[in-house]
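I have placed the structure first, in the form of structure tokens, so that the comments after it can refer back to it.
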Number of protein chains: 2
Amino acid sequence: MTTAVSDLLPTLDEADLARLDAWWRAANYLTIGQIYLQANPLLREPLTAEHIKPRLLGHWGTSPGLSFVYAHVSRLIRHTGQDTIYLTGPGHGGPALVAAGYLEDTYTEVYPAVTRDELGLRTLFRQFSSPGGIPSHVSVTTPGSIHEGGELGYVLVHAFGAVFDNPGLLAVAVVGDGEAETGPLEGSWKGVSFLNPKHDGAVLPILHLNGAKISGPTVLGRKDPAEVRRLLGGHGYDVIEVEGDDIPGMHHRFAAALAEAWGRIREIQRSAREGDWDGTRPTWPLIVLRTPKGWTGPAEVDGVKVTGTFRSHQVPLSGVRDNPGHLALLEQWLKSYRPDELFDDSGAPVPLVRSHNPSGDRRMSANPHANGGVLTRELDLPGFRDYAVEVKSPASDRAESTRKLGEFLRDIYRDNPDRFRLFSPDETNSNRLGAVFEVSDRSFLEHVDASDVAIGPDGRVMEVLSEHNCHGWLEGYTLTGRHGLFATYEAFAMVSASQTIQHGKWLEEAEHLPWRARVPSLNVLLTSTAWRNDHNGFSHQGPGLIQNVLTQRGTVSRVYLPPDANCLLSVADHCFRSRSYINLIVIDKQPQLQYLTMDEAVDHCARGAGIWDWASDSPDDPDIVLACADDVVTMETVAAADILRQRLPGLRVRVVNVVDLMTLVRPKDHPHGMSETQFSELFTDTVDVVFAFHGYPGAIHQLVHGRPDADRFRVRGFIEQGTTTTPFDMTVRNRASRYHLVMDALNNARRLPQGASDLKAWCESQLARHEHYVVEHLEDMPEVRDWTLGDWATS
Amino acid sequence: MTTAVSDLLPTLDEADLARLDAWWRAANYLTIGQIYLQANPLLREPLTAEHIKPRLLGHWGTSPGLSFVYAHVSRLIRHTGQDTIYLTGPGHGGPALVAAGYLEDTYTEVYPAVTRDELGLRTLFRQFSSPGGIPSHVSVTTPGSIHEGGELGYVLVHAFGAVFDNPGLLAVAVVGDGEAETGPLEGSWKGVSFLNPKHDGAVLPILHLNGAKISGPTVLGRKDPAEVRRLLGGHGYDVIEVEGDDIPGMHHRFAAALAEAWGRIREIQRSAREGDWDGTRPTWPLIVLRTPKGWTGPAEVDGVKVTGTFRSHQVPLSGVRDNPGHLALLEQWLKSYRPDELFDDSGAPVPLVRSHNPSGDRRMSANPHANGGVLTRELDLPGFRDYAVEVKSPASDRAESTRKLGEFLRDIYRDNPDRFRLFSPDETNSNRLGAVFEVSDRSFLEHVDASDVAIGPDGRVMEVLSEHNCHGWLEGYTLTGRHGLFATYEAFAMVSASQTIQHGKWLEEAEHLPWRARVPSLNVLLTSTAWRNDHNGFSHQGPGLIQNVLTQRGTVSRVYLPPDANCLLSVADHCFRSRSYINLIVIDKQPQLQYLTMDEAVDHCARGAGIWDWASDSPDDPDIVLACADDVVTMETVAAADILRQRLPGLRVRVVNVVDLMTLVRPKDHPHGMSETQFSELFTDTVDVVFAFHGYPGAIHQLVHGRPDADRFRVRGFIEQGTTTTPFDMTVRNRASRYHLVMDALNNARRLPQGASDLKAWCESQLARHEHYVVEHLEDMPEVRDWTLGDWATS
């Protein structure tokens with residue numbers, strides 16, 4: 001794969017310079033055109049106010065730098081054949097990347113309406129940041145991009161994720177100096193500590209310092225350059241610096257810098273791949289590029305300095321429609337790029353400009369890695385049934401469900417050494433997934449010593465104490481067509497919630513673009529859940545991510561709450577086969593009751609929800625429905641049904657378990673939503689439902705909205721009552737214990753047999769007994785020792 | 001305030017060493033006791049399995065290092081009188097901080113049941129990580145802490161926030177090497193670029209590298225020390241290193257390092273405060289402390305190395321209850337601290353240990369800054385009515401509401417130069433709050449040049465392109481008793497959503513601790529909202545934070561959606577006067593219709609929701625209720641009511657606006673919840689309600705759950721249909737436009753006059769006309785130019 005690549009980028013000669021500079025001027029011209037023009041795209045008549053868009057939007061400041069780097073990387077590709085993608089951290093430089101795609105023909109290939117002529121240019125300009133058009137940021141609509149430029153901070157995590165297990169790929173990642181202030185970006189330089197030069201590709205970060213953000217300076221842009229060098233050196237990089245605004249001087253200097261960086265990358269890769277590497281982390285190159293913000297734009301406007309200041313961030317000439325002076329300045333500015341030399345009579349880029357483009361898939365705007373679905377190979381999945389827990393009778397034995405998943409993951413790793421990774425913030429063992437270490441170490445390129453276990457430079461399990469890195473790496477990995485799982489503590493999944501949301505938006509938008517192939521889903525396992533962080537306390541108890549995924553469109557959002565190991569395996573198998581979803585899988589890691597045989601689990605998960613006859617009593621015509629979704633509250637529900645069966649035999653109780661939360665929604669709102677008939681078959685139309693839910697009760701209220709008589713759903717769930725306590729006490733504090741569920745059933749049943757009030761009194765006495773143990777006799781802690789169904793249901 | 005402080009920390013002499021070391025041994029002993037013992041706390045009888053807790057929880061690994069640093073800082077305080085708080089990044093070292101508070105007497109002062117004798121020690125040990133007790137992490141229950149140790153990454157932001165405008169305060173912040181891998185922590189070193197040595201206090205970061213996290217090594221712990229030095233130097237610090245495990249050598253070396261750091265801090269402060277400072281950022285000191293993980297613990301267990309490895313992270317001897325060898329090892333380990341020398345016959349710390357404590361408020365566990373409510377001074381608030389927008393008739397004129405808020409903030413800044421700050425990710429101007437720059441620059445200690453505006457070292461407006469920094473600084477600022485506002489783009493508020501949630505949990509828990517004084521609320525202004533990010537596109541459209549704040553307890557969660565400037569001012573005034581809430585204020589920044597005079601606004605906001613008679617038609621006995629909450633959809637609702645009034649005069653329409661979202665909830669679930677009577681007065685008991693909501697519709701469904709016939713609420717809101725388009729098209733895509741609302745009203749009204757079907761047809765034709773303009777005639781874009789109530793309601 002890498003054999004065809006040349007190690008040498010030759011010195012920039014005059015011919016190369018001519019096309020490079022022409023291409024760059026063309027890209028800048030098209031960028032400004034997108035921001036300003038709605039007509040007269042090639043200035044073939046004098047510019048008038050009518051040619052100007054009514055609403056001026058877009059970001060000029062960062063764009064010329066982005067195009068400059070892009071042009072030089074294209075030249076690298078032309079000379080070396082290197083398979084390369086381009087990631088734009090300053091994503092608001094969207095028009096620059098659109099311009100690049102247009103100059104490379106990709107834009108027209110993907111969007112045939114944007115033709116390669118004057119009319120096409122007009123369309124290109126008009127669609128930009130216009131109603132029905134494209135956003136002003138690099139987005140899913142931008143060919144060649146796997147990186148949305150709205151929420152800043154993730155360009156390096158996406159770049160590293162893209163090159164893991166992609167030894168032939170180079171990801172050039174431009175980091176803006178605004179973005180560089182974000183926590184996630186600062187935390188992502190350390191990707192090199194997890195990057196293997198043999199089986200992974202390379203990331204070339206280009207820190208583009210132009211000194212300002214929207215309305216002020218930036219920290220890195222204004223620090224002493226020596227300090228910046230020290231910082232990046234401290235992150236483990238070999239810093240190459242280029243600074244200036246002179247042309248052609250900057251072209252020569254940047255070409256030389258890129259040649260140097262490229263040479264070092266190839267040297268690192270060759271020495272690692274040809275066998276004389278001891279596993280030490282290489283010192284990868286990084287380029288710091290300092291150019292004025294808004295480079296090549298109007299130096300001054302109305303006597304105020306613009307280029308090189310925050311004033312060039314968005315639209316440097318804002319008065320062009322009303323101010324003839326501004327209009328003239330704009331025309332002069334546009335003409336400074338000599339568009340007549342760049343576009344032919346028809347309006348297409350001239351051969352000189354076109355000759356700068358790499359060919360076919362090597363064009364960065366057309367690179368298939370940036371449309372990873374086209375490269376995706378299905379996982380070679382071992383049969384998940386092989387990992388089944390044997391269940392002789394429901395609710396009688398315990399197992400650590402995630403441990404079975406760990407064995408499944410281990411064999412997925414074994415069978416897919418080039419396209420599957422697990423990402424976790426240092427919790428693989430804690431989450432009982434450690435079986436993976438039988439086939440792969442954790443990746444770590446810093447010093448390893450004798451006390452370390454399952455850690456080394458060749459490892460492919462990704463552990464870093466950063467949810468942002470884990471999530472972002474997985475995004476980059478899946479957007480380039482590979483598969484994976486992010487496993488994390490439920491509460492701290494909120495750290496990267498905005499990434500979950502933004503990735504969902506990307507997937508939602510991609511659905512509307514026929515040219516974007518569907519990519520493997522983003523699978524998130526939430527474990528160490530709220531209910532079983534009894535010992536860690538309140539800060540660790542938060543089922544909030546579900547709430548957020550529920551807000552996403554039905555085309556991407558999936559939430560699964562498997563109650564036991566066999567259901568978890570079935571759900572995981574389904575998720576690993578799926579495309580373009582956010583799959584949230586929620587299950588705790590502690591030993592837990594097992595309910596379903598594998599055959600039953602497969603059937604149950606396929607339906608997404610079902611009646612558990614074995615847990616019910618005369619379920620056909622129930623007086624009350626006890627519904628549940630997750631592991632812990634499912635146990636409480638089963639226990640409650642057991643108590644009712646034993647202590648109030650005349651009450652007809654139906655137990656319904658929900659694995660696939662989205663089945664609750666009306667089918668018009670989610671593709672998994674069950675039909676009205678199915679819903680009635682499970683929940684009846686009129687009988688009250690006591691629903692014990694893993695997360696915040698409001699989630700169920702919103703999901704069943706619009707279902708027949710939705711008011712009859714009484715939901716118990718996590719009501720933010722947490723502390724350091726016992727697992728059972730967590731259910732008591734949140735009023736979701738078996739005793740609360742029994743009392744809810746009695747308070748809402750359609751019909752009550754004799755003895756109900758005795759049973760209520762008994763429940764209250766049980767809760768009083770519990771209170772006594774928890775509050776006054778800590779040492780006894782019977783719930784900790786004896787927290788099993790049998791003990792509690794019959795005592 | 002700083003005059004009494006000595007600049008010199010003397011060399012550690014023998015007497016000081018004796019008490020320092022005794023104190024440290026006592027702290028370590030108490031730490032281990034908390035993890036293991038439920039009886040026999042002073043080992044006054046031979047240790048048996050019965051003395052061991054049934055469930056061993058807690059984190060030993062980081063604890064001895066935390067106590068070591070604490071002990072040395074206490075000595076600094078004793079010698080210099082410096083007012084100091086201690087922030088524990090490795091928050092799972094909770095028992096170490098509890099031990100410190102106990103040794104300093106604070107624990108007993110705060111929790112009298114934990115007496116200063118053997119019985120008290122038993123209680124101290126038993127409560128730790130036990131049901132009904134305290135968490136294993138540093139938490140709100142820990143005296144002296146403003147920093148919860150669950151979700152990692154925020155120790156430096158809290159420290160910087162605490163010292164802003166606190167010139168006499170030193171915040172010692174221990175950063176763990178696990179935590180140092182998180183994005184938020186890496187992004188927070190830059191606090192020094194915003195710290196003014198004159199009017200702010202000092203932060204002394206101590207990076208404690210013990211090399212491992214839960215089950216593996218850490219990046220900084222295993223990097224070449226020269227690289228770590230370079231990194232921290234690059235962040236702007238002067239690095240002082242201490243490494244080892246030898247005692248007393250480590251005491252001498254650390255004491256010297258601390259003396260050096262202290263000397264440099266005082267030198268920086270003196271030179272800045274005595275007038276010869278040119279505004280250049282000082283190079284603040286930072287200590288890197290390298291000790292073995294689990295220092296002073298068992299070196300090996302069962303032949304496997306423990307101290308210095310990940311195995312000492314939690315409970316290094318896990319088999320003590322069943323394994324006599326482990327039990328003996330534990331006893332030997334505990335006795336290695338020579339408890340008989342440390343505690344007297346009654347079990348109280350001996351005078352030598354006690355003599356190490358600073359006195360009174362100087363004890364870090366008793367420092368009032370860490371219980372900031374006791375220091376809080378109310379804001380000197382200008383009358384908010386002075387900033388009113390004049391409203392001659394409702395819905396006729398436009399104003400940028402946040403611009404009025406900006407003027408209010410400007411004068412708050414002016415009148416409270418020592419206790420109010422605005423925090424924003426580079427968006428103060430963009431969000432129309434720029435009036436504050438009339439009285440304060442932005443804080444910036446890096447190079448400032450001539451093109452900069454309102455930026456400088458003496459600035460007190462905080463702008464950094466990091467939601468994590470902004471949020472965290474405000475948390476630190478308010479937890480130490482001062483006031484502020486975090487203003488941010490609505491969509492990107494999700495970046496720091498986990499901080500909002502964790503801070504909410506802190507405030508929720510603090511409510512239960514009578515000794516914790518209530519602190520100023522965390523005020524968050526969400527602007528540049530989903531509905532008006534039409535131009536930026538889908539990634540900028542996300543009202544998700546509301547959803548998350550709704551999950552918090554009613555004691556802290558507040559969500560306000562003022563529809564116009566006067567309501568915004570009234571709400572803001574209320575929020576600035578409040579304590580211990582998360583106040584979310586949601587309003588867009590664009591010019592928007594104004595509805596209420598200031599008197600009306602004050603009345604409306606005080607009620608939280610009300611009927612708008614002027615927008616209604618025969619509201620007394622309505623056929624349909626049109627409800628709304630926010631600015632944009634309120635305009636659509638008012639327009640819909642206008643259309644109905646004009647085109648279907650017989651229909652009785654009531655318009656209800658909701659400012660305080662929590663009024664919708666039943667009073668048993670939230671203190672702001674309106675009574676059933678009030679609810680019926682607004683929404684009736686039976687008439688259908690078409691509710692246009694700012695955020696996701698599910699939020700309203702969950703809020704009105706349990707209200708009379710909640711199924712009758714038909715909610716329109718943001719249904720994740722976004723793109724680059726016009727503001728009006730955003731409402732169309734999300735089916736919340738005036739035409740959709742009219743059709744909803746017609747479909748759900750109790751009674752329909754003649755002409756309803758004509759009106760429906762008209763609405764459909766209006767939507768078709770809109771579709772035509774948006775999709776086919778971009779150049780016309782009438783919605784952009786003419787998006788006013790009158791134009792649309794009557795056209």
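Every chain in the structure tokens has a letter given in the order shown (A, B, ...), and although residue numbers restart at 1 in each chain, ligands are simply numbered from 1 in the order shown.
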Long-range neighbours of Leu703 in chain B as a PyMOL selection string, 8 Å cut-off, only C-alpha atoms, 3 positions minimum in chain: (chain A and resi 698) or (chain B and resi 662+664-665+699-700)
Write the residues you've just listed into a file as a CSV table (one decimal), in the first residue's frame, and include N, CA and C atoms for each of them.
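Dumped to out15.csv:
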chain,number,residue,atom,x,y,z
A,698,GLY,N,-38.8,11.4,33.2
A,698,GLY,CA,-39.3,12.3,32.1
A,698,GLY,C,-39.1,11.7,30.8
B,662,MET,N,-40.3,26.2,35.0
B,662,MET,CA,-40.6,25.3,36.2
B,662,MET,C,-41.9,25.6,36.8
B,664,LEU,N,-44.5,25.1,35.2
B,664,LEU,CA,-45.4,24.0,34.6
B,664,LEU,C,-45.4,22.8,35.5
B,665,VAL,N,-44.4,22.6,36.3
B,665,VAL,CA,-44.3,21.3,37.0
B,665,VAL,C,-45.2,21.3,38.2
B,699,ALA,N,-39.5,18.0,26.4
B,699,ALA,CA,-39.3,18.7,27.7
B,699,ALA,C,-40.7,19.1,28.2
B,700,ILE,N,-41.6,19.6,27.4
B,700,ILE,CA,-42.9,20.1,27.9
B,700,ILE,C,-43.7,18.8,28.3
Residue contacts of Thr62 in chain B (7 Å, only C-alpha atoms) excluding same-chain residues fewer than 3 positions away, as a PyMOL selection string: chain B and resi 59+65-66+90+93+293-294
Could the residues in this selection be saved with C-alpha atoms as a tab-separated table (two decimals), in the first residue's frame?
chain	number	residue	atom	x	y	z
B	59	HIS	CA	-8.30	4.91	46.99
B	65	GLY	CA	1.07	12.23	48.36
B	66	LEU	CA	-1.95	14.44	48.97
B	90	PRO	CA	-7.08	13.48	42.40
B	93	GLY	CA	-7.98	10.65	47.55
B	293	LYS	CA	1.99	5.54	43.94
B	294	GLY	CA	0.85	4.22	47.29
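Among the candidate residues A:Gly717, A:Gly537, A:Pro520, A:Pro54, the one lying nearest to chain B is A:Gly537, with distances computed using only C-alpha atoms.
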Contact residues around range 258-270 of chain B with only C-alpha atoms at 7 Å, ignoring same-chain residues under 2 positions, as a VMD selection string: chain B and resid 7 to 9 197 to 198 254 to 256 272 to 274 282 284 to 285
Every residue of range 121-365 of chain A that DSSP places in strand (DSSP E or B), as a ChimeraX atom specification: /A:128,134,169-176,202-209,212,217,237-243,284-290,300-301,304-305,343,349
Residue list (helix (DSSP H, G or I), DSSP) for range 88-329 of chain A, as a PyMOL selection string: chain A and resi 94-103+106-110+118-127+155-163+179-181+183-186+189-194+219-222+225-234+249-273+310-312+324-329
Distance query Gly608 in chain A at most 9 Å, only C-alpha atoms, self and fewer than 2 positions along chain excluded, as a list of chain:residue names: A:Tyr560, A:Asp603, A:His604, A:Cys605, A:Ala606, A:Gly610, A:Asn657, A:Val658, A:Val659, A:Asp660, A:Leu661, A:Met662, A:Thr663, A:His672, A:Met674
Selected residues, N, CA and C atoms, written as a tab-separated table (two decimals), in the first residue's frame, please.
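Below is the file that was written, result_1.tsv:
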chain	number	residue	atom	x	y	z
A	560	TYR	N	-30.48	1.08	23.82
A	560	TYR	CA	-30.78	-0.30	24.23
A	560	TYR	C	-30.47	-0.48	25.71
A	603	ASP	N	-34.92	-13.52	20.52
A	603	ASP	CA	-36.30	-13.20	20.15
A	603	ASP	C	-36.76	-11.90	20.82
A	604	HIS	N	-36.44	-11.77	22.09
A	604	HIS	CA	-36.85	-10.59	22.86
A	604	HIS	C	-36.23	-9.32	22.28
A	605	CYS	N	-34.94	-9.39	21.97
A	605	CYS	CA	-34.25	-8.21	21.45
A	605	CYS	C	-34.74	-7.87	20.04
A	606	ALA	N	-35.07	-8.88	19.27
A	606	ALA	CA	-35.58	-8.61	17.92
A	606	ALA	C	-36.89	-7.85	18.00
A	610	GLY	N	-41.25	-7.03	25.24
A	610	GLY	CA	-42.15	-8.18	25.26
A	610	GLY	C	-42.66	-8.48	26.66
A	657	ASN	N	-40.94	-6.21	29.64
A	657	ASN	CA	-39.58	-5.67	29.63
A	657	ASN	C	-39.29	-5.00	28.28
A	658	VAL	N	-38.65	-3.86	28.36
A	658	VAL	CA	-38.31	-3.10	27.15
A	658	VAL	C	-36.79	-3.08	26.99
A	659	VAL	N	-36.29	-3.63	25.91
A	659	VAL	CA	-34.85	-3.60	25.62
A	659	VAL	C	-34.53	-2.41	24.74
A	660	ASP	N	-35.34	-2.24	23.72
A	660	ASP	CA	-35.12	-1.19	22.72
A	660	ASP	C	-36.05	-0.04	23.06
A	661	LEU	N	-35.47	1.00	23.66
A	661	LEU	CA	-36.30	2.08	24.20
A	661	LEU	C	-37.14	2.74	23.11
A	662	MET	N	-36.64	2.74	21.91
A	662	MET	CA	-37.32	3.47	20.85
A	662	MET	C	-38.58	2.76	20.37
A	663	THR	N	-38.79	1.53	20.79
A	663	THR	CA	-40.06	0.87	20.43
A	663	THR	C	-41.24	1.59	21.07
A	672	HIS	N	-38.21	2.51	14.82
A	672	HIS	CA	-38.38	1.34	15.70
A	672	HIS	C	-39.70	1.37	16.46
A	674	MET	N	-43.12	0.84	17.84
A	674	MET	CA	-44.04	-0.28	17.57
A	674	MET	C	-45.41	0.26	17.14
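Residues surrounding Ser578 in chain A within 10 Å are A:Glu378, A:His483, A:Arg518, A:Val519, A:Pro520, A:Ser521, A:Leu522, A:Asn523, A:Ala572, A:Asp573, A:His574, A:Cys575, A:Phe576, A:Ser580, A:Tyr581, A:Ile582, A:Asn583 [only C-alpha atoms; sequence separation below 2 positions excluded].
With CA of Val439 in chain B on one side and CA of Arg419 in chain B on the other, the separation reads 14.4 Å.
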Nearest candidate to chain A (options B:Ala18, B:Ile77, B:Val495, B:Val306; using only C-alpha atoms): B:Val495
What's the 8 Å shell around range 358-361 of chain A, counting only C-alpha atoms, without same-chain residues fewer than 4 positions away, as a PDB file with C-alpha atoms, in the first residue's frame?
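Final output, saved to selection.pdb:
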ATOM      1  CA  SER A  74      -1.756  18.809  -2.997  1.00  0.00           C
ATOM      2  CA  ARG A  75       1.663  19.379  -4.415  1.00  0.00           C
ATOM      3  CA  ILE A  77       0.520  14.358  -3.102  1.00  0.00           C
ATOM      4  CA  ARG A  78       1.274  14.996  -6.767  1.00  0.00           C
ATOM      5  CA  ALA A 366     -12.236  12.918  -3.351  1.00  0.00           C
ATOM      6  CA  ASN A 367     -10.241  10.727  -1.004  1.00  0.00           C
ATOM      7  CA  PRO A 368     -12.368   7.674  -0.157  1.00  0.00           C
TER       8      PRO A 368
END
Selected residue, from B:Glu227, B:Glu407, B:Asp276, B:Asp21, that lies nearest to chain A when counting only C-alpha atoms: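 Among the listed residues, the smallest separation from chain A belongs to B:Glu227.
With distances restricted to only C-alpha atoms, B:Gly706 is the closest residue to chain A from B:Gly434, B:Gly484, B:Gly706, B:Gly297.
Counting only C-alpha atoms, the residue from A:Asn734, A:Asn40, A:Gln332, A:Ser440 that sits nearest to Glu720 in chain A is A:Asn734.
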Separation of CA of Leu569 in chain A from CA of Glu681 in chain A, in Å and rounded to one decimal: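 Interatomic distance here is 26.5 Å.
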Of the listed residues A:Thr80, A:Thr376, A:Ser765, A:Thr724, that which approaches chain B most closely, counting only C-alpha atoms: A:Thr724
List the neighbours of Ile546 in chain B out to 9 Å using only C-alpha atoms; skip same-chain residues closer than 6 positions along the sequence, and give me the result as a PDB file with N, CA and C atoms, in the first residue's frame.
ATOM      1  N   VAL B 559     -35.031  27.465  34.930  1.00  0.00           N
ATOM      2  CA  VAL B 559     -34.918  27.734  33.494  1.00  0.00           C
ATOM      3  C   VAL B 559     -35.864  28.869  33.138  1.00  0.00           C
ATOM      4  N   LEU B 584     -30.622  29.036  34.224  1.00  0.00           N
ATOM      5  CA  LEU B 584     -30.446  29.061  32.771  1.00  0.00           C
ATOM      6  C   LEU B 584     -31.367  30.136  32.226  1.00  0.00           C
ATOM      7  N   VAL B 586     -32.487  31.821  28.636  1.00  0.00           N
ATOM      8  CA  VAL B 586     -32.387  31.535  27.205  1.00  0.00           C
ATOM      9  C   VAL B 586     -33.065  32.649  26.425  1.00  0.00           C
ATOM     10  N   GLY B 695     -37.357  24.628  23.037  1.00  0.00           N
ATOM     11  CA  GLY B 695     -36.474  23.462  22.968  1.00  0.00           C
ATOM     12  C   GLY B 695     -37.157  22.237  22.393  1.00  0.00           C
ATOM     13  N   TYR B 696     -36.673  21.082  22.778  1.00  0.00           N
ATOM     14  CA  TYR B 696     -37.255  19.831  22.299  1.00  0.00           C
ATOM     15  C   TYR B 696     -38.634  19.641  22.926  1.00  0.00           C
ATOM     16  N   ALA B 699     -39.519  17.978  26.380  1.00  0.00           N
ATOM     17  CA  ALA B 699     -39.346  18.676  27.661  1.00  0.00           C
ATOM     18  C   ALA B 699     -40.705  19.088  28.229  1.00  0.00           C
TER      19      ALA B 699
END
